[in-house]
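Heads up, coords_13.txt below (compact mmCIF, C-alpha atoms):
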# COMPACT_ATOMS: atom_id res chain seq x y z
CA MET A 1 -8.42 -24.17 14.77
CA SER A 2 -8.83 -20.73 16.35
CA LYS A 3 -8.74 -17.65 14.18
CA LYS A 4 -5.60 -15.56 13.89
CA TRP A 5 -5.92 -12.25 15.70
CA THR A 6 -5.59 -10.47 12.36
CA GLU A 7 -8.92 -12.00 11.31
CA GLU A 8 -10.59 -11.14 14.61
CA VAL A 9 -9.24 -7.59 14.97
CA LEU A 10 -8.59 -6.52 11.38
CA GLY A 11 -11.20 -8.61 9.59
CA THR A 12 -9.06 -10.78 7.34
CA ASP A 13 -6.04 -13.01 6.95
CA LYS A 14 -3.32 -11.83 4.54
CA VAL A 15 -4.06 -8.33 5.80
CA ILE A 16 -2.84 -5.12 4.16
CA ILE A 17 -2.06 -2.35 6.65
CA ALA A 18 -1.57 0.94 4.82
CA MET A 19 0.65 3.70 6.18
CA CYS A 20 -0.80 7.19 6.54
CA HIS A 21 2.34 9.31 6.87
CA PHE A 22 1.89 12.61 8.67
CA THR A 23 3.93 15.48 7.30
CA ALA A 24 6.40 17.20 9.64
CA LEU A 25 4.88 18.27 12.97
CA PRO A 26 5.55 21.20 15.34
CA GLY A 27 9.10 20.90 16.63
CA ASP A 28 10.27 18.92 13.58
CA PRO A 29 12.89 20.59 11.36
CA GLY A 30 10.63 20.28 8.32
CA PHE A 31 7.45 21.69 9.86
CA ASP A 32 5.61 24.13 7.59
CA GLU A 33 5.02 27.11 9.86
CA LYS A 34 3.00 28.92 7.19
CA GLY A 35 0.57 26.05 6.59
CA GLY A 36 0.51 25.15 10.27
CA MET A 37 -1.30 22.22 11.81
CA GLU A 38 -4.35 22.84 9.62
CA ALA A 39 -2.36 21.84 6.53
CA VAL A 40 -1.03 18.72 8.26
CA VAL A 41 -4.53 17.68 9.33
CA GLU A 42 -6.07 18.20 5.90
CA ARG A 43 -3.37 16.26 4.06
CA ALA A 44 -3.72 13.43 6.56
CA ARG A 45 -7.49 13.42 6.04
CA ARG A 46 -7.14 13.26 2.25
CA GLU A 47 -4.59 10.47 2.37
CA MET A 48 -6.59 8.48 4.93
CA LEU A 49 -9.67 8.67 2.70
CA ASP A 50 -7.70 7.71 -0.40
CA LEU A 51 -6.34 4.64 1.40
CA GLN A 52 -9.74 3.69 2.78
CA GLU A 53 -11.55 4.15 -0.53
CA GLY A 54 -8.75 2.27 -2.26
CA GLY A 55 -9.75 -0.81 -0.28
CA VAL A 56 -7.02 -1.42 2.31
CA ASP A 57 -7.85 -3.48 5.40
CA ALA A 58 -6.40 -1.19 8.08
CA ILE A 59 -4.44 2.05 8.39
CA MET A 60 -1.44 2.88 10.54
CA PHE A 61 -0.80 6.54 11.33
CA SER A 62 2.83 7.55 11.81
CA ASN A 63 4.99 10.65 12.07
CA GLU A 64 7.03 9.47 9.10
CA PHE A 65 8.29 12.93 8.19
CA SER A 66 9.60 13.77 11.67
CA LEU A 67 13.12 13.29 10.32
CA PRO A 68 15.64 12.81 11.82
CA TYR A 69 13.83 10.51 14.24
CA LEU A 70 14.10 10.50 18.02
CA THR A 71 14.14 7.41 20.21
CA LYS A 72 12.64 9.46 23.06
CA VAL A 73 9.90 11.46 21.38
CA LYS A 74 8.88 14.92 22.58
CA THR A 75 5.45 15.57 24.08
CA GLU A 76 4.55 18.06 21.35
CA THR A 77 4.83 15.33 18.71
CA VAL A 78 2.40 13.01 20.51
CA ALA A 79 0.02 15.91 21.16
CA ALA A 80 0.04 16.86 17.48
CA MET A 81 -0.57 13.25 16.37
CA ALA A 82 -3.46 12.92 18.84
CA ARG A 83 -5.03 16.10 17.46
CA ILE A 84 -4.76 14.87 13.86
CA ILE A 85 -6.27 11.46 14.60
CA GLY A 86 -8.99 13.00 16.77
CA GLU A 87 -10.02 15.35 13.97
CA ILE A 88 -10.10 12.79 11.16
CA LYS A 89 -11.08 9.46 12.70
CA GLY A 90 -14.79 10.23 12.41
CA ASP A 91 -14.39 9.56 8.66
CA LEU A 92 -12.49 6.31 9.21
CA HIS A 93 -14.45 3.07 9.03
CA ILE A 94 -11.69 0.47 9.15
CA PRO A 95 -9.36 -0.48 12.04
CA PHE A 96 -6.29 1.66 12.67
CA GLY A 97 -3.00 1.57 14.52
CA VAL A 98 -0.27 4.07 15.37
CA ASN A 99 3.50 4.31 15.30
CA VAL A 100 5.31 7.18 17.05
CA LEU A 101 8.78 6.89 15.57
CA TRP A 102 10.79 5.57 17.42
CA ASP A 103 9.27 5.47 20.90
CA PRO A 104 7.24 2.42 22.03
CA GLU A 105 5.86 3.98 25.23
CA LYS A 106 4.66 7.08 23.39
CA SER A 107 3.12 4.82 20.72
CA LEU A 108 1.13 3.02 23.41
CA ASP A 109 0.08 6.31 25.01
CA LEU A 110 -1.22 7.52 21.65
CA ALA A 111 -2.97 4.21 20.97
CA LYS A 112 -4.76 4.29 24.29
CA ALA A 113 -5.83 7.91 23.83
CA THR A 114 -7.16 7.45 20.29
CA GLY A 115 -8.55 3.89 20.34
CA ALA A 116 -5.95 2.35 18.05
CA LYS A 117 -6.01 -1.45 17.74
CA PHE A 118 -2.25 -1.96 17.32
CA VAL A 119 1.15 -0.31 17.45
CA ARG A 120 4.34 -1.05 15.55
CA GLU A 121 7.68 -0.26 17.13
CA ILE A 122 11.20 -1.39 18.04
CA PHE A 123 10.53 -3.17 21.33
CA THR A 124 13.63 -5.37 21.66
CA GLY A 125 17.36 -5.36 20.98
CA VAL A 126 20.29 -2.97 20.97
CA TYR A 127 21.32 -1.44 17.65
CA ALA A 128 23.97 0.67 15.99
CA SER A 129 21.87 3.04 13.91
CA ASP A 130 21.82 6.28 11.96
CA PHE A 131 20.33 7.78 15.14
CA GLY A 132 23.17 6.58 17.41
CA ILE A 133 23.20 3.63 19.78
CA TRP A 134 19.59 2.50 20.01
CA ASP A 135 18.65 0.67 23.19
CA THR A 136 15.31 -0.79 24.27
CA ASN A 137 13.62 -2.15 27.38
CA CYS A 138 10.76 -4.43 26.39
CA GLY A 139 9.87 -5.43 29.95
CA GLU A 140 9.42 -1.80 30.95
CA VAL A 141 7.31 -1.03 27.88
CA VAL A 142 4.98 -3.98 28.42
CA ARG A 143 4.53 -3.02 32.06
CA HIS A 144 3.69 0.51 30.89
CA GLN A 145 1.14 -1.01 28.50
CA HIS A 146 -0.59 -2.72 31.41
CA ALA A 147 -0.30 0.33 33.68
CA ILE A 148 -2.26 2.49 31.22
CA GLY A 149 -4.83 -0.22 30.49
CA ALA A 150 -3.73 -0.87 26.92
CA GLN A 151 -3.59 -4.68 27.21
CA ASP A 152 -5.82 -5.11 24.16
CA VAL A 153 -3.50 -3.11 21.89
CA LYS A 154 -1.61 -5.55 19.66
CA LEU A 155 2.19 -5.15 19.59
CA LEU A 156 3.90 -5.43 16.20
CA PHE A 157 7.63 -5.93 16.81
CA ASN A 158 9.92 -4.64 14.06
CA ILE A 159 12.87 -7.06 14.35
CA VAL A 160 14.82 -5.67 11.39
CA PRO A 161 14.69 -1.93 12.10
CA GLU A 162 15.36 0.35 9.18
CA ALA A 163 18.75 2.10 9.15
CA ALA A 164 20.03 0.01 12.07
CA LYS A 165 22.05 -3.14 12.77
CA TYR A 166 21.48 -5.56 15.65
CA ILE A 167 24.58 -5.49 17.89
CA GLN A 168 24.06 -8.79 19.71
CA ARG A 169 23.76 -11.09 16.69
CA ASP A 170 23.11 -11.24 12.94
CA ASP A 171 21.17 -14.49 12.62
CA ILE A 172 17.59 -13.42 11.86
CA ALA A 173 16.23 -16.88 12.74
CA GLN A 174 17.78 -16.69 16.22
CA ILE A 175 16.50 -13.12 16.67
CA ALA A 176 12.97 -14.19 15.72
CA LYS A 177 13.02 -17.27 17.96
CA SER A 178 14.40 -15.50 21.03
CA THR A 179 12.08 -12.51 20.57
CA VAL A 180 9.03 -14.76 20.47
CA PHE A 181 10.20 -16.83 23.46
CA ASN A 182 11.19 -13.88 25.66
CA CYS A 183 8.76 -11.15 24.68
CA ARG A 184 5.56 -12.74 23.31
CA PRO A 185 4.96 -10.35 20.39
CA ASP A 186 1.61 -10.28 18.64
CA ALA A 187 3.44 -10.04 15.32
CA LEU A 188 6.93 -9.72 13.87
CA CYS A 189 7.68 -7.19 11.12
CA VAL A 190 10.52 -7.91 8.71
CA SER A 191 11.95 -4.89 6.88
CA GLY A 192 14.36 -3.79 4.23
CA LEU A 193 17.01 -1.11 4.80
CA THR A 194 14.68 1.91 4.51
CA ALA A 195 11.06 2.76 3.82
CA GLY A 196 10.29 1.48 0.33
CA ALA A 197 13.20 -0.99 0.26
CA ALA A 198 12.01 -4.49 -0.54
CA THR A 199 11.80 -7.08 2.23
CA ASP A 200 13.97 -10.03 1.21
CA SER A 201 11.66 -13.01 0.55
CA GLN A 202 14.28 -15.48 1.78
CA VAL A 203 14.63 -13.58 5.07
CA LEU A 204 10.86 -13.42 5.37
CA GLU A 205 10.59 -17.16 4.79
CA THR A 206 13.36 -17.87 7.31
CA VAL A 207 11.51 -15.93 10.00
CA LYS A 208 8.14 -17.54 9.25
CA ASN A 209 9.63 -21.04 9.25
CA GLU A 210 11.36 -20.38 12.58
CA VAL A 211 8.22 -19.09 14.32
CA PRO A 212 5.31 -20.58 12.35
CA GLN A 213 2.71 -19.87 15.05
CA THR A 214 3.54 -16.13 15.12
CA ILE A 215 2.03 -13.56 12.76
CA VAL A 216 4.75 -12.27 10.40
CA PHE A 217 4.41 -9.17 8.25
CA ALA A 218 6.47 -7.96 5.31
CA ASN A 219 7.16 -4.44 6.52
CA THR A 220 8.73 -2.50 3.64
CA GLY A 221 8.98 -2.51 -0.14
CA VAL A 222 5.82 -4.50 -0.93
CA ARG A 223 4.60 -3.52 -4.41
CA LYS A 224 1.93 -4.61 -6.86
CA GLU A 225 4.56 -6.68 -8.66
CA ASN A 226 5.70 -8.68 -5.59
CA VAL A 227 2.75 -8.67 -3.18
CA ALA A 228 1.48 -12.11 -4.24
CA GLU A 229 4.94 -13.59 -3.71
CA GLN A 230 5.23 -11.94 -0.28
CA LEU A 231 1.75 -13.03 0.84
CA LYS A 232 2.54 -16.66 0.00
CA ILE A 233 4.97 -16.46 2.92
CA ALA A 234 3.78 -13.67 5.20
CA ASP A 235 0.49 -13.23 7.06
CA GLY A 236 0.18 -9.73 5.69
CA ALA A 237 2.06 -6.60 4.78
CA VAL A 238 2.57 -3.04 5.97
CA VAL A 239 2.52 -0.85 2.85
CA GLY A 240 3.42 2.81 2.44
CA THR A 241 5.66 4.02 -0.37
CA THR A 242 4.07 2.08 -3.21
CA PHE A 243 0.74 3.79 -2.54
CA LYS A 244 2.30 7.22 -3.17
CA LYS A 245 2.15 9.02 -6.53
CA ASP A 246 4.78 7.44 -8.81
CA GLY A 247 5.86 5.24 -5.87
CA VAL A 248 7.92 8.09 -4.39
CA PHE A 249 8.15 8.26 -0.58
CA GLU A 250 7.74 12.06 -0.33
CA ASN A 251 4.62 12.20 -2.52
CA ALA A 252 0.96 12.07 -1.50
CA VAL A 253 -1.15 8.91 -1.69
CA ASP A 254 -2.49 8.02 -5.14
CA ARG A 255 -5.93 6.37 -4.78
CA GLU A 256 -5.69 4.61 -8.15
CA ARG A 257 -2.38 2.99 -7.18
CA VAL A 258 -4.04 1.77 -3.98
CA LYS A 259 -6.95 0.25 -5.92
CA GLU A 260 -4.66 -1.45 -8.42
CA PHE A 261 -2.59 -2.94 -5.60
CA MET A 262 -5.65 -4.16 -3.70
CA ASP A 263 -7.07 -5.74 -6.86
CA VAL A 264 -3.97 -7.95 -6.96
CA VAL A 265 -4.38 -8.76 -3.25
CA LYS A 266 -8.06 -9.70 -3.74
CA GLU A 267 -7.16 -11.91 -6.68
CA PHE A 268 -4.53 -13.65 -4.54
CA ARG A 269 -7.01 -14.20 -1.69
CA ASN A 270 -9.60 -15.69 -4.05
CA LYS A 271 -7.28 -18.33 -5.47
Can you turn what I pasted into structure tokens?
Amino acid sequence: MSKKWTEEVLGTDKVIIAMCHFTALPGDPGFDEKGGMEAVVERARREMLDLQEGGVDAIMFSNEFSLPYLTKVKTETVAAMARIIGEIKGDLHIPFGVNVLWDPEKSLDLAKATGAKFVREIFTGVYASDFGIWDTNCGEVVRHQHAIGAQDVKLLFNIVPEAAKYIQRDDIAQIAKSTVFNCRPDALCVSGLTAGAATDSQVLETVKNEVPQTIVFANTGVRKENVAEQLKIADGAVVGTTFKKDGVFENAVDRERVKEFMDVVKEFRNK
């Protein structure tokens, strides 16, 4: 049996991808003009190192604090993210990916420019969301991927986008099956309502049972207390909030929380 791509690209099955959340960037309402880009870069460096030293398998950089999010991201945001990654990646020794919220083409542009191995985005569907009607064009995005020579970048499809509801249908099994058939994702990400909200294990299991040959990640709300349960079903998890001090989304990464979480993951893998 051939290896899963997660083993080949990220080095393991049951992979833990940690989120490195950039603070607000130039043009964002919350940008710290006094601290400037230097403060953003240095916090990103510290958090990246805390995640890496805590033992995670891969890191995904995102503009998580660019609230409220755009579905067509401005050039200045991508430029700022490229600067941050360019300045800090010399200290990074594990694979990384990127997520420019919420713009799949810009995510691919950033991945190609920085050498990222994967991107996570909303590639398919039409949604009613907190950001208005949210439309996508997967065929156009994939053609853009090939046009810029990013064919090797793995595409992680978030099929339960946070703060949004699928307009076409509600049946998650049908969504998973049609997405895999029509769009050939490298992985499906199953989320809760917001960052930090637990992914429903029954929903996760429904998706995995429907598309057993596709990599499926638990995308939000994975904690030390439930990670073993989630990894029994999923091929891995994308983890952000639980690695923060006191498990609070706005806080900085806490290296000890990362280590404690990864100790549970290692114990699960060794069973």
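With distances restricted to all atoms listed in the file, A:Pro26 is the closest residue to Ala39 (chain A) from A:Glu225, A:Pro26, A:Cys189, A:Val160.
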Show which residues sit within 10 Å of Val15 (chain A), as a CSV table (one decimal) with C-alpha atoms, in the frame of the given file. Count only C-alpha atoms, and ignore same-chain residues fewer than 3 positions away.
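The result, stored in part.csv:
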chain,number,residue,atom,x,y,z
A,6,THR,CA,-5.6,-10.5,12.4
A,7,GLU,CA,-8.9,-12.0,11.3
A,10,LEU,CA,-8.6,-6.5,11.4
A,11,GLY,CA,-11.2,-8.6,9.6
A,12,THR,CA,-9.1,-10.8,7.3
A,18,ALA,CA,-1.6,0.9,4.8
A,56,VAL,CA,-7.0,-1.4,2.3
A,57,ASP,CA,-7.8,-3.5,5.4
A,58,ALA,CA,-6.4,-1.2,8.1
A,217,PHE,CA,4.4,-9.2,8.2
A,231,LEU,CA,1.8,-13.0,0.8
A,234,ALA,CA,3.8,-13.7,5.2
A,235,ASP,CA,0.5,-13.2,7.1
A,236,GLY,CA,0.2,-9.7,5.7
A,237,ALA,CA,2.1,-6.6,4.8
A,238,VAL,CA,2.6,-3.0,6.0
A,265,VAL,CA,-4.4,-8.8,-3.2
A,269,ARG,CA,-7.0,-14.2,-1.7
Legend entry - Polymer residues at most 12 Å from Arg43 (chain A), all atoms listed in the file, same-chain spacing of 2 or more positions, as a VMD selection string: chain A and resid 20 to 24 35 to 41 45 to 50 84 to 85 87 to 88 251 to 253
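When only C-alpha atoms are used to measure the gap to Glu205 (chain A), the shortest distance among A:Ile94, A:Val180, A:Val239, A:Ile233 belongs to A:Ile233.
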Legend entry - From A:Pro29, A:Gly97, A:Gly54, A:Gly90, residue lying nearest Lys259 (chain A) [only C-alpha atoms]: A:Gly54
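Candidate residues A:Phe123, A:Phe96, A:Trp134, A:Trp5 were compared for distance to Ile215 (chain A), and the nearest is A:Trp5, using all atoms listed in the file.
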Inset, instruction - Work out how far apart CA of Trp102 (chain A) and CA of Val248 (chain A) are and give it in Å to one decimal. - result: 22.1 Å
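The space separating CA of Cys138 (chain A) from CA of Ser178 (chain A) comes to 12.8 Å.
Computed from the coordinates, the CA of Ala111 (chain A) to CA of Ala150 (chain A) distance equals 7.9 Å.
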Find the residues with any atom within 12 Å of (1.8, -20.2, 13.6); use only C-alpha atoms and the coordinates as given in the file, and write the answer as a PDB file with C-alpha atoms, in the frame of the given file.
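Result written to result.pdb:
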ATOM      1  CA  MET A   1      -8.420 -24.170  14.770  1.00  0.00           C
ATOM      2  CA  SER A   2      -8.830 -20.730  16.350  1.00  0.00           C
ATOM      3  CA  LYS A   3      -8.740 -17.650  14.180  1.00  0.00           C
ATOM      4  CA  LYS A   4      -5.600 -15.560  13.890  1.00  0.00           C
ATOM      5  CA  TRP A   5      -5.920 -12.250  15.700  1.00  0.00           C
ATOM      6  CA  VAL A 180       9.030 -14.760  20.470  1.00  0.00           C
ATOM      7  CA  ASP A 186       1.610 -10.280  18.640  1.00  0.00           C
ATOM      8  CA  ALA A 187       3.440 -10.040  15.320  1.00  0.00           C
ATOM      9  CA  LEU A 188       6.930  -9.720  13.870  1.00  0.00           C
ATOM     10  CA  VAL A 207      11.510 -15.930  10.000  1.00  0.00           C
ATOM     11  CA  LYS A 208       8.140 -17.540   9.250  1.00  0.00           C
ATOM     12  CA  ASN A 209       9.630 -21.040   9.250  1.00  0.00           C
ATOM     13  CA  GLU A 210      11.360 -20.380  12.580  1.00  0.00           C
ATOM     14  CA  VAL A 211       8.220 -19.090  14.320  1.00  0.00           C
ATOM     15  CA  PRO A 212       5.310 -20.580  12.350  1.00  0.00           C
ATOM     16  CA  GLN A 213       2.710 -19.870  15.050  1.00  0.00           C
ATOM     17  CA  THR A 214       3.540 -16.130  15.120  1.00  0.00           C
ATOM     18  CA  ILE A 215       2.030 -13.560  12.760  1.00  0.00           C
ATOM     19  CA  VAL A 216       4.750 -12.270  10.400  1.00  0.00           C
ATOM     20  CA  ILE A 233       4.970 -16.460   2.920  1.00  0.00           C
ATOM     21  CA  ALA A 234       3.780 -13.670   5.200  1.00  0.00           C
ATOM     22  CA  ASP A 235       0.490 -13.230   7.060  1.00  0.00           C
TER      23      ASP A 235
END
Inset, instruction - Find, counting all atoms listed in the file, the residue in A:Ile172, A:Ala82, A:Leu67, A:Leu92 that gets nearest to Lys112 (chain A). - result: A:Ala82
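If you measure from each of A:Glu53, A:Ala228, A:Ile159, A:Glu105 to Glu267 (chain A) using only C-alpha atoms, the closest one turns out to be A:Ala228.
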Legend entry - Protein and nucleic acid residues near (1.9, -2.0, 16.3) (cut-off 7 Å, only C-alpha atoms) as a VMD selection string: chain A and resid 97 to 99 118 to 121 154 to 157
Just so I have it separately, write region 257-271 of chain A from the block I sent, keeping N, CA and C atoms, as a short mmCIF file (atom, residue, chain, number, x, y, z; two decimals), in the first residue's frame.
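Output (out_38.cif):
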data_model
loop_
_atom_site.label_atom_id
_atom_site.label_comp_id
_atom_site.auth_asym_id
_atom_site.auth_seq_id
_atom_site.Cartn_x
_atom_site.Cartn_y
_atom_site.Cartn_z
N ARG A 257 2.09 24.24 26.81
CA ARG A 257 0.82 23.66 26.36
C ARG A 257 1.03 22.84 25.09
N VAL A 258 1.90 23.33 24.22
CA VAL A 258 2.20 22.59 22.99
C VAL A 258 2.84 21.25 23.33
N LYS A 259 3.82 21.25 24.22
CA LYS A 259 4.51 20.02 24.60
C LYS A 259 3.55 19.03 25.25
N GLU A 260 2.70 19.51 26.13
CA GLU A 260 1.75 18.62 26.80
C GLU A 260 0.81 17.98 25.79
N PHE A 261 0.34 18.77 24.84
CA PHE A 261 -0.55 18.26 23.79
C PHE A 261 0.18 17.21 22.96
N MET A 262 1.40 17.51 22.53
CA MET A 262 2.13 16.58 21.67
C MET A 262 2.54 15.32 22.42
N ASP A 263 2.70 15.38 23.72
CA ASP A 263 2.95 14.16 24.50
C ASP A 263 1.77 13.21 24.38
N VAL A 264 0.55 13.74 24.40
CA VAL A 264 -0.64 12.91 24.25
C VAL A 264 -0.69 12.32 22.84
N VAL A 265 -0.34 13.14 21.84
CA VAL A 265 -0.33 12.65 20.45
C VAL A 265 0.69 11.53 20.30
N LYS A 266 1.88 11.69 20.85
CA LYS A 266 2.92 10.67 20.73
C LYS A 266 2.50 9.38 21.41
N GLU A 267 1.85 9.51 22.56
CA GLU A 267 1.34 8.33 23.26
C GLU A 267 0.31 7.60 22.39
N PHE A 268 -0.57 8.37 21.76
CA PHE A 268 -1.58 7.77 20.87
C PHE A 268 -0.91 7.05 19.71
N ARG A 269 0.08 7.65 19.10
CA ARG A 269 0.75 7.04 17.95
C ARG A 269 1.48 5.76 18.33
N ASN A 270 1.95 5.68 19.57
CA ASN A 270 2.75 4.52 19.99
C ASN A 270 1.92 3.35 20.47
N LYS A 271 0.61 3.53 20.51
CA LYS A 271 -0.26 2.43 20.96
C LYS A 271 -0.34 1.33 19.92
#
